[in-house]
Amino acid sequence: MTRRTLMAAGAMGLALVAAPRALARRADSHRARIDDLIARMTIQEKAGQLTLFNDPFRWRPGNVNPGDFDTDQEKTAQQIRDGHVGALFNGVGAEQARYAQRLALEESRLGIPMLFAADIIHGLRTTFPVPLGEAASWDLDLAERTARAAAAEGGASGIHQTYAPMVDVARDQRWGRVVEGAGEDVLLNNLFAAARTRGFQGDDLSDPLSLLATPKHFAAYGAAEAGLDYNTTDMSEQTLRGVHLPPFQAAFEAGALCTMSAFNDLNGVPTSGNHWLLTEILRDEWGFTGFVVSDYTSERELIAHGFAEDDRDAARIALTAGVDMSMQSGIYLAHIPDLVDSGDVSMEVVDRAVRRVLMTKAALGLFDDPYRGTDPEVERRVVRSQAHRDLAREAGRKSVVLLKNDNNLLPLPKSGKRIALIGPFVDDRSNVFGPWSIFADREMGVTFEEGFRAALTDPSLLTVVKGSDVETPLDGGIEAAVAAAQGADVVVLAIGESHNMSAEAQSRVNIVVPAPQQALAEAVAATGKPVVVLLKTGRALELSGAVKDAAAIMVTWFLGSEEGNAAADVIFGDHAPIGRLPISFAHLSGQQPYYYSRKATGRPELPDESEYKARFRETSNTALYPFGHGIGYAPVRYGNIVLGSETLSWDGELTASVRVTNTGDRPVDEVVQLYVRDRVASLTQPERLLKAFQRVTVAPGETVEAAFTLTRQDLLFVGRDMTPTVEPGWFDLWLAPNAQSGPHSQFRLVR
């Protein structure tokens, strides 16, 4: 039996100190040199250190960001020679990184090293499950290891910084960028934010195979109204501090020295021009010493927000608010000299921003080893390694979530049954990797068909039919799929969203399976053959009809390079599913935003009372599949909760335990989740809040105990004065398999 307890340390987001001391010491050793550089810089060179442009020298994919890439290499080269560029992004490759760095070191006046960054979100050439999928593993060690592997490939390819992890708490599944984070829960986001930061940065940020982490998007971007990307956000300060800021604090506590400002406005003030957020909270209150980079032209977009008059005004507002580095717009380079000359921006503000950037370069070791990551031989050895492929397969199978398995249809046998593999994703390599896999090696992707054929003892028993495209029907597709289903013993239906449906700027009004695929599912189900649904998605979808009624449903997200093999590992039983949902699957799209930790209201819906209660006419307030849900290949039974005491003293501890029994004939990994509710408080509290979880492995017929320890610190919430607080009184407690069930107990907090 293996046990692992993950408590809610830091979950309330108390004020954090600056970066770890080792990083600070390395930067401090260069403080005199940096002060000297700043004293010798012209104002144009200072503006250059605060300017970030697309990398024109190295391979990069198209269509990553709005507009065209600058293909004028000589223009950028001359800007580097003139000291007018401090960083480049989204170029990959060791050899050309050396060329660009040489321009800065040997042909510019001051020889300040360049910073190279990239959108390495869930892997470089080797890709791992999309972040939401990996969060379904509830495995922090796994997240740290995949981030470490992504950092190794990025670092070996001449990259110093990644624009990840995304730590936005996302509670509206209509938002396309749900796929990039860790879901709807604060604690889970905190833990994954810290794990991914540790993984990217490693033990030593100056290691050439480490990357500077950039938790994003600061802040409350995940709360965009109606789930519409880039939209406004409006919320109380308690909600901001209690829900949306803690994951950033967790990442900073883990050592992150950069953060990215967001596109949205927050209570009327765009975050990329928000002095209260970027300076008063981030720097003055929390003590953050790193730098802030704008999201792609977000500082220029202050004009479209109606917050700035023109480029010059936008540069002034963003810089004085606390945005240190301008991404792609060029407005800092164009306007900082004049803003200082006119007195609209003080030299002190500019110098402070330049110092933050240079101190971070020092922490990365760029003043000591500016050519780090520029050895093509190291790049060839590290990138696409077999160890990374093996890790991608492990991460893929651990991210799969089994929602339903009627009559123990799964796992499927490797021989003796005819299988029809049907759907637009069966042999589709382009949708293996998922969104924000812009540098993925497309030749590495393993399709569902390839994974199935490799796993089956007799691959001739597998029939593969596409049936439809993702959003359009195929001529004769349904007829061919029905024929294949009729000739099979079981149907595996690979359906869902494409990678460009769950992504930035891909908000959806109705989060359903696209109509051509739903029609395909209905036709296949009408054959009467048992159906297994493999649901490819980057968000929770509304499930209906034949998809909802399928005998088995498995969420496969976008599993990365080894998707087909990872899925086959689980479907054919070499590994049991262990994933749990990091988001709630509501019954209907119209329930959004939907999340488990909602307030009860004054008229909560009760099991036997629904009239004139807080509910929609069409459905209950429950989830179809709640947060935390996921099953294995054996059923488990929870016993009663045993508390060490009925009271938790103010400075004491309370133990809570439950016995979990495997009543099946296969081993099972169970994630026991601890939830609490503060019954009466000075501010109304959620119906449940996750405070801890523990994974236990239970052999057939075995009973194991999952035990937890609670303290008062675990019960804190943001009070009226914006500080963490809790009052004496009664609390409900659940030790449960998900946020909607499980045995219940209660205890009293006493002073």
# chains A, B, ... in the order shown; residues from 1 in each chain; ligands from 1

call {"tool": "select_by_dssp", "arguments": {"residues": "stretch 361-568 of chain A", "states": "strand (DSSP E or B)", "output": "PyMOL selection string"}}
result
chain A and resi 401-405+419-422+462-465+468+473+490-496+512+531-536+542+552-555

call {"tool": "select_by_dssp", "arguments": {"residues": "stretch 481-575 of chain A", "states": "alpha helix (DSSP H)", "output": "ChimeraX atom specification"}}
result
/A:481-486,515-525,545-548,563-571

call {"tool": "write_last_selection", "arguments": {"atoms": "C-alpha atoms", "output": "PDB file, in the first residue's frame"}}
result
ATOM      1  CA  ALA A 481     -19.493   3.685 -39.077  1.00  0.00           C
ATOM      2  CA  VAL A 482     -22.776   1.824 -38.588  1.00  0.00           C
ATOM      3  CA  ALA A 483     -21.520  -1.030 -40.758  1.00  0.00           C
ATOM      4  CA  ALA A 484     -18.335  -1.244 -38.703  1.00  0.00           C
ATOM      5  CA  ALA A 485     -20.305  -1.211 -35.458  1.00  0.00           C
ATOM      6  CA  GLN A 486     -22.618  -3.958 -36.660  1.00  0.00           C
ATOM      7  CA  ALA A 515     -23.522  18.135 -33.910  1.00  0.00           C
ATOM      8  CA  PRO A 516     -21.969  15.866 -36.599  1.00  0.00           C
ATOM      9  CA  GLN A 517     -20.272  13.804 -33.903  1.00  0.00           C
ATOM     10  CA  GLN A 518     -23.430  13.639 -31.802  1.00  0.00           C
ATOM     11  CA  ALA A 519     -25.302  12.349 -34.856  1.00  0.00           C
ATOM     12  CA  LEU A 520     -22.554   9.772 -35.369  1.00  0.00           C
ATOM     13  CA  ALA A 521     -22.859   8.650 -31.744  1.00  0.00           C
ATOM     14  CA  GLU A 522     -26.644   8.299 -32.004  1.00  0.00           C
ATOM     15  CA  ALA A 523     -26.377   6.186 -35.163  1.00  0.00           C
ATOM     16  CA  VAL A 524     -23.708   3.906 -33.715  1.00  0.00           C
ATOM     17  CA  ALA A 525     -25.617   3.479 -30.439  1.00  0.00           C
ATOM     18  CA  GLY A 545     -28.092  11.368 -25.706  1.00  0.00           C
ATOM     19  CA  ALA A 546     -25.977   8.457 -26.838  1.00  0.00           C
ATOM     20  CA  VAL A 547     -22.797  10.011 -25.462  1.00  0.00           C
ATOM     21  CA  LYS A 548     -24.222  10.452 -21.981  1.00  0.00           C
ATOM     22  CA  GLU A 563      -1.659   9.681 -26.482  1.00  0.00           C
ATOM     23  CA  GLY A 564      -2.525   6.465 -28.335  1.00  0.00           C
ATOM     24  CA  ASN A 565      -0.234   4.289 -26.246  1.00  0.00           C
ATOM     25  CA  ALA A 566      -1.295   5.918 -22.973  1.00  0.00           C
ATOM     26  CA  ALA A 567      -4.986   5.457 -23.743  1.00  0.00           C
ATOM     27  CA  ALA A 568      -4.420   1.843 -24.782  1.00  0.00           C
ATOM     28  CA  ASP A 569      -2.534   1.157 -21.546  1.00  0.00           C
ATOM     29  CA  VAL A 570      -5.707   1.991 -19.632  1.00  0.00           C
ATOM     30  CA  ILE A 571      -8.388   0.698 -21.993  1.00  0.00           C
TER      31      ILE A 571
END

call {"tool": "residues_around", "arguments": {"residues": "A:Ser460", "least_positions_apart": "5", "cutoff": "10 Å", "atoms": "only C-alpha atoms", "output": "VMD selection string"}}
result
chain A and resid 415 418 to 419 453

call {"tool": "closest_residue", "arguments": {"among": "A:Asp341, A:Asp665, A:Asp234, A:Glu542", "to": "A:Gln592", "atoms": "only C-alpha atoms"}}
result
A:Glu542

call {"tool": "closest_atom_pairs", "arguments": {"of": "stretch 254-314 of chain A", "to": "stretch 114-119 of chain A", "cutoff": "12 Å", "atoms": "only C-alpha atoms", "output": "tab-separated table"}}
result
residue	atom	partner	partner_atom	distance
A:Cys258	CA	A:Ala117	CA	11.6
A:Val293	CA	A:Ala117	CA	11.1
A:Asp295	CA	A:Asp119	CA	11.4
A:Tyr296	CA	A:Asp119	CA	11.5

call {"tool": "write_last_selection", "arguments": {"atoms": "C-alpha atoms", "output": "mmCIF file, in the first residue's frame"}}
result
data_model
loop_
_atom_site.group_PDB
_atom_site.id
_atom_site.type_symbol
_atom_site.label_atom_id
_atom_site.label_comp_id
_atom_site.auth_asym_id
_atom_site.auth_seq_id
_atom_site.Cartn_x
_atom_site.Cartn_y
_atom_site.Cartn_z
ATOM 1 C CA CYS A 258 8.421 36.684 -13.251
ATOM 2 C CA VAL A 293 5.990 41.089 -18.541
ATOM 3 C CA ASP A 295 0.858 39.571 -22.315
ATOM 4 C CA TYR A 296 1.028 39.939 -26.082
#

call {"tool": "residues_around", "arguments": {"residues": "stretch 601-609 of chain A", "least_positions_apart": "6", "cutoff": "10 Å", "atoms": "only C-alpha atoms", "output": "ChimeraX atom specification"}}
result
/A:615,620-622,684-687

call {"tool": "write_last_selection", "arguments": {"atoms": "N, CA and C atoms", "output": "compact mmCIF listing (two decimals), in the first residue's frame"}}
result
# COMPACT_ATOMS: atom_id res chain seq x y z
N ARG A 615 -32.39 27.10 -8.17
CA ARG A 615 -32.15 26.07 -9.19
C ARG A 615 -32.76 26.52 -10.51
N SER A 620 -31.36 20.06 -11.77
CA SER A 620 -31.01 20.31 -10.38
C SER A 620 -29.68 21.05 -10.30
N ASN A 621 -29.29 21.42 -9.10
CA ASN A 621 -28.02 22.11 -8.90
C ASN A 621 -26.84 21.14 -8.75
N THR A 622 -27.07 19.90 -8.96
CA THR A 622 -25.99 18.92 -8.87
C THR A 622 -25.18 18.93 -10.17
N THR A 684 -20.55 34.68 4.37
CA THR A 684 -21.07 33.37 3.97
C THR A 684 -19.98 32.56 3.28
N GLN A 685 -19.99 31.25 3.55
CA GLN A 685 -18.95 30.35 3.08
C GLN A 685 -19.49 29.31 2.10
N PRO A 686 -18.62 28.71 1.28
CA PRO A 686 -19.06 27.71 0.31
C PRO A 686 -19.66 26.47 0.98
N GLU A 687 -20.44 25.74 0.18
CA GLU A 687 -21.06 24.51 0.68
C GLU A 687 -20.01 23.46 1.03

call {"tool": "closest_atom_pairs", "arguments": {"of": "stretch 175-279 of chain A", "to": "stretch 123-129 of chain A", "cutoff": "12 Å", "atoms": "only C-alpha atoms", "output": "Markdown table"}}
result
| residue | atom | partner | partner_atom | distance |
| --- | --- | --- | --- | --- |
| A:Val179 | CA | A:Pro129 | CA | 10.1 |
| A:Glu180 | CA | A:Pro129 | CA | 10.2 |
| A:Gly181 | CA | A:Pro129 | CA | 11.6 |
| A:Ala182 | CA | A:Pro129 | CA | 11.9 |
| A:Arg196 | CA | A:Gly123 | CA | 11.9 |
| A:Gly199 | CA | A:Gly123 | CA | 11.9 |
| A:Phe200 | CA | A:Gly123 | CA | 10.6 |

call {"tool": "write_last_selection", "arguments": {"atoms": "C-alpha atoms", "output": "PDB file, in the first residue's frame"}}
result
ATOM      1  CA  VAL A 179      -7.455  23.769 -20.738  1.00  0.00           C
ATOM      2  CA  GLU A 180      -4.288  25.600 -19.678  1.00  0.00           C
ATOM      3  CA  GLY A 181      -4.768  25.510 -15.913  1.00  0.00           C
ATOM      4  CA  ALA A 182      -5.575  23.190 -13.028  1.00  0.00           C
ATOM      5  CA  ARG A 196       5.127  23.212 -11.968  1.00  0.00           C
ATOM      6  CA  GLY A 199       9.767  21.620 -12.072  1.00  0.00           C
ATOM      7  CA  PHE A 200      10.515  24.365 -14.577  1.00  0.00           C
TER       8      PHE A 200
END

call {"tool": "atom_distance", "arguments": {"atom1": "atom CA of A:Leu461", "atom2": "atom CA of A:Asp390"}}
result
27.2 Å

call {"tool": "decode", "arguments": {"residues": "stretch 201-344 of chain A", "atoms": "C-alpha atoms", "output": "short mmCIF file (atom, residue, chain, number, x, y, z; two decimals), in the first residue's frame"}}
result
data_model
loop_
_atom_site.label_atom_id
_atom_site.label_comp_id
_atom_site.auth_asym_id
_atom_site.auth_seq_id
_atom_site.Cartn_x
_atom_site.Cartn_y
_atom_site.Cartn_z
CA GLN A 201 13.10 26.06 -12.38
CA GLY A 202 14.72 22.99 -10.84
CA ASP A 203 17.12 23.17 -7.94
CA ASP A 204 19.31 25.76 -9.65
CA LEU A 205 17.85 28.39 -11.96
CA SER A 206 21.29 28.96 -13.51
CA ASP A 207 21.35 25.35 -14.73
CA PRO A 208 21.19 25.48 -18.56
CA LEU A 209 18.39 22.91 -18.44
CA SER A 210 16.21 25.05 -16.16
CA LEU A 211 13.67 27.67 -17.21
CA LEU A 212 12.40 30.77 -15.46
CA ALA A 213 8.71 30.13 -14.66
CA THR A 214 6.13 32.81 -15.43
CA PRO A 215 2.85 32.21 -13.57
CA LYS A 216 0.08 33.88 -15.52
CA HIS A 217 -2.20 35.78 -16.03
CA PHE A 218 -2.05 38.30 -13.21
CA ALA A 219 -4.85 38.41 -12.23
CA ALA A 220 -8.45 37.12 -12.28
CA TYR A 221 -8.28 36.40 -16.02
CA GLY A 222 -10.05 33.09 -15.42
CA ALA A 223 -13.14 34.96 -14.18
CA ALA A 224 -13.89 36.71 -17.49
CA GLU A 225 -17.62 37.44 -17.65
CA ALA A 226 -19.66 34.76 -19.45
CA GLY A 227 -16.47 32.79 -20.07
CA LEU A 228 -15.72 35.16 -22.96
CA ASP A 229 -11.98 35.39 -23.51
CA TYR A 230 -10.44 38.82 -22.90
CA ASN A 231 -13.67 39.98 -21.26
CA THR A 232 -13.98 42.16 -18.19
CA THR A 233 -13.94 40.81 -14.64
CA ASP A 234 -15.76 42.31 -11.70
CA MET A 235 -15.54 40.88 -8.21
CA SER A 236 -15.17 41.64 -4.54
CA GLU A 237 -11.73 41.99 -3.06
CA GLN A 238 -12.52 38.99 -0.83
CA THR A 239 -13.08 36.82 -3.91
CA LEU A 240 -9.94 38.14 -5.57
CA ARG A 241 -7.81 37.44 -2.49
CA GLY A 242 -9.51 34.20 -1.53
CA VAL A 243 -9.79 32.54 -4.94
CA HIS A 244 -7.72 34.14 -7.69
CA LEU A 245 -4.54 35.39 -6.01
CA PRO A 246 -3.46 32.38 -3.89
CA PRO A 247 -2.11 30.30 -6.83
CA PHE A 248 0.18 33.17 -7.79
CA GLN A 249 1.42 33.42 -4.23
CA ALA A 250 2.09 29.68 -4.21
CA ALA A 251 4.15 30.00 -7.41
CA PHE A 252 6.12 32.96 -6.03
CA GLU A 253 6.78 31.08 -2.81
CA ALA A 254 8.15 28.24 -4.97
CA GLY A 255 10.61 30.70 -6.53
CA ALA A 256 9.01 32.23 -9.63
CA LEU A 257 10.74 35.51 -10.49
CA CYS A 258 8.42 36.68 -13.25
CA THR A 259 4.69 37.00 -13.79
CA MET A 260 2.63 38.01 -16.80
CA SER A 261 -0.05 40.67 -16.61
CA ALA A 262 -3.44 39.75 -18.01
CA PHE A 263 -5.62 40.98 -20.87
CA ASN A 264 -8.72 41.64 -18.77
CA ASP A 265 -9.74 44.64 -16.77
CA LEU A 266 -10.42 44.13 -13.08
CA ASN A 267 -13.21 46.18 -11.52
CA GLY A 268 -12.78 48.76 -14.25
CA VAL A 269 -8.97 48.97 -14.29
CA PRO A 270 -7.10 46.91 -16.94
CA THR A 271 -4.64 44.64 -15.19
CA SER A 272 -1.78 45.75 -17.43
CA GLY A 273 -2.27 49.28 -16.10
CA ASN A 274 -3.34 48.44 -12.57
CA HIS A 275 -1.01 50.05 -10.03
CA TRP A 276 -2.96 48.65 -7.07
CA LEU A 277 -2.53 45.10 -8.37
CA LEU A 278 0.98 45.24 -9.84
CA THR A 279 2.64 47.47 -7.27
CA GLU A 280 0.62 47.85 -4.07
CA ILE A 281 -0.24 44.14 -3.76
CA LEU A 282 2.45 42.36 -5.77
CA ARG A 283 5.48 44.40 -4.70
CA ASP A 284 4.60 46.39 -1.59
CA GLU A 285 2.43 43.81 0.18
CA TRP A 286 3.93 40.53 -1.00
CA GLY A 287 7.55 41.60 -1.49
CA PHE A 288 7.85 40.22 -5.03
CA THR A 289 11.26 41.13 -6.45
CA GLY A 290 11.01 39.74 -9.98
CA PHE A 291 9.70 41.45 -13.10
CA VAL A 292 6.31 41.70 -14.80
CA VAL A 293 5.99 41.09 -18.54
CA SER A 294 2.88 42.13 -20.43
CA ASP A 295 0.86 39.57 -22.32
CA TYR A 296 1.03 39.94 -26.08
CA THR A 297 0.51 43.72 -26.62
CA SER A 298 -1.75 43.90 -23.53
CA GLU A 299 -0.10 47.17 -22.50
CA ARG A 300 -1.00 48.71 -25.86
CA GLU A 301 -4.55 47.40 -25.51
CA LEU A 302 -5.13 49.90 -22.72
CA ILE A 303 -6.19 52.14 -25.61
CA ALA A 304 -8.95 49.77 -26.77
CA HIS A 305 -10.04 49.38 -23.14
CA GLY A 306 -10.65 53.12 -23.09
CA PHE A 307 -8.02 53.57 -20.38
CA ALA A 308 -5.28 55.27 -22.41
CA GLU A 309 -5.40 57.91 -25.15
CA ASP A 310 -2.65 56.63 -27.41
CA ASP A 311 0.55 54.54 -27.49
CA ARG A 312 2.49 57.10 -25.50
CA ASP A 313 -0.17 57.29 -22.80
CA ALA A 314 -0.44 53.49 -22.69
CA ALA A 315 3.32 53.17 -22.19
CA ARG A 316 3.22 55.72 -19.37
CA ILE A 317 0.32 54.03 -17.58
CA ALA A 318 1.67 50.48 -17.91
CA LEU A 319 5.22 51.30 -16.85
CA THR A 320 4.20 53.36 -13.82
CA ALA A 321 1.64 50.71 -12.84
CA GLY A 322 4.36 48.05 -12.69
CA VAL A 323 4.64 46.36 -16.11
CA ASP A 324 8.41 46.10 -16.53
CA MET A 325 8.69 44.50 -19.95
CA SER A 326 6.61 45.25 -23.04
CA MET A 327 5.83 42.26 -25.26
CA GLN A 328 5.88 42.90 -29.01
CA SER A 329 4.10 46.26 -29.20
CA GLY A 330 7.34 48.27 -29.12
CA ILE A 331 5.67 51.16 -27.30
CA TYR A 332 8.24 51.24 -24.49
CA LEU A 333 11.10 51.55 -26.97
CA ALA A 334 9.24 54.22 -28.90
CA HIS A 335 8.03 56.36 -26.01
CA ILE A 336 10.03 55.91 -22.79
CA PRO A 337 12.78 58.34 -23.85
CA ASP A 338 10.27 61.12 -24.51
CA LEU A 339 8.23 60.28 -21.39
CA VAL A 340 11.35 60.71 -19.25
CA ASP A 341 12.49 63.81 -21.12
CA SER A 342 9.08 65.46 -20.58
CA GLY A 343 8.94 64.47 -16.91
CA ASP A 344 5.82 62.33 -17.38
#
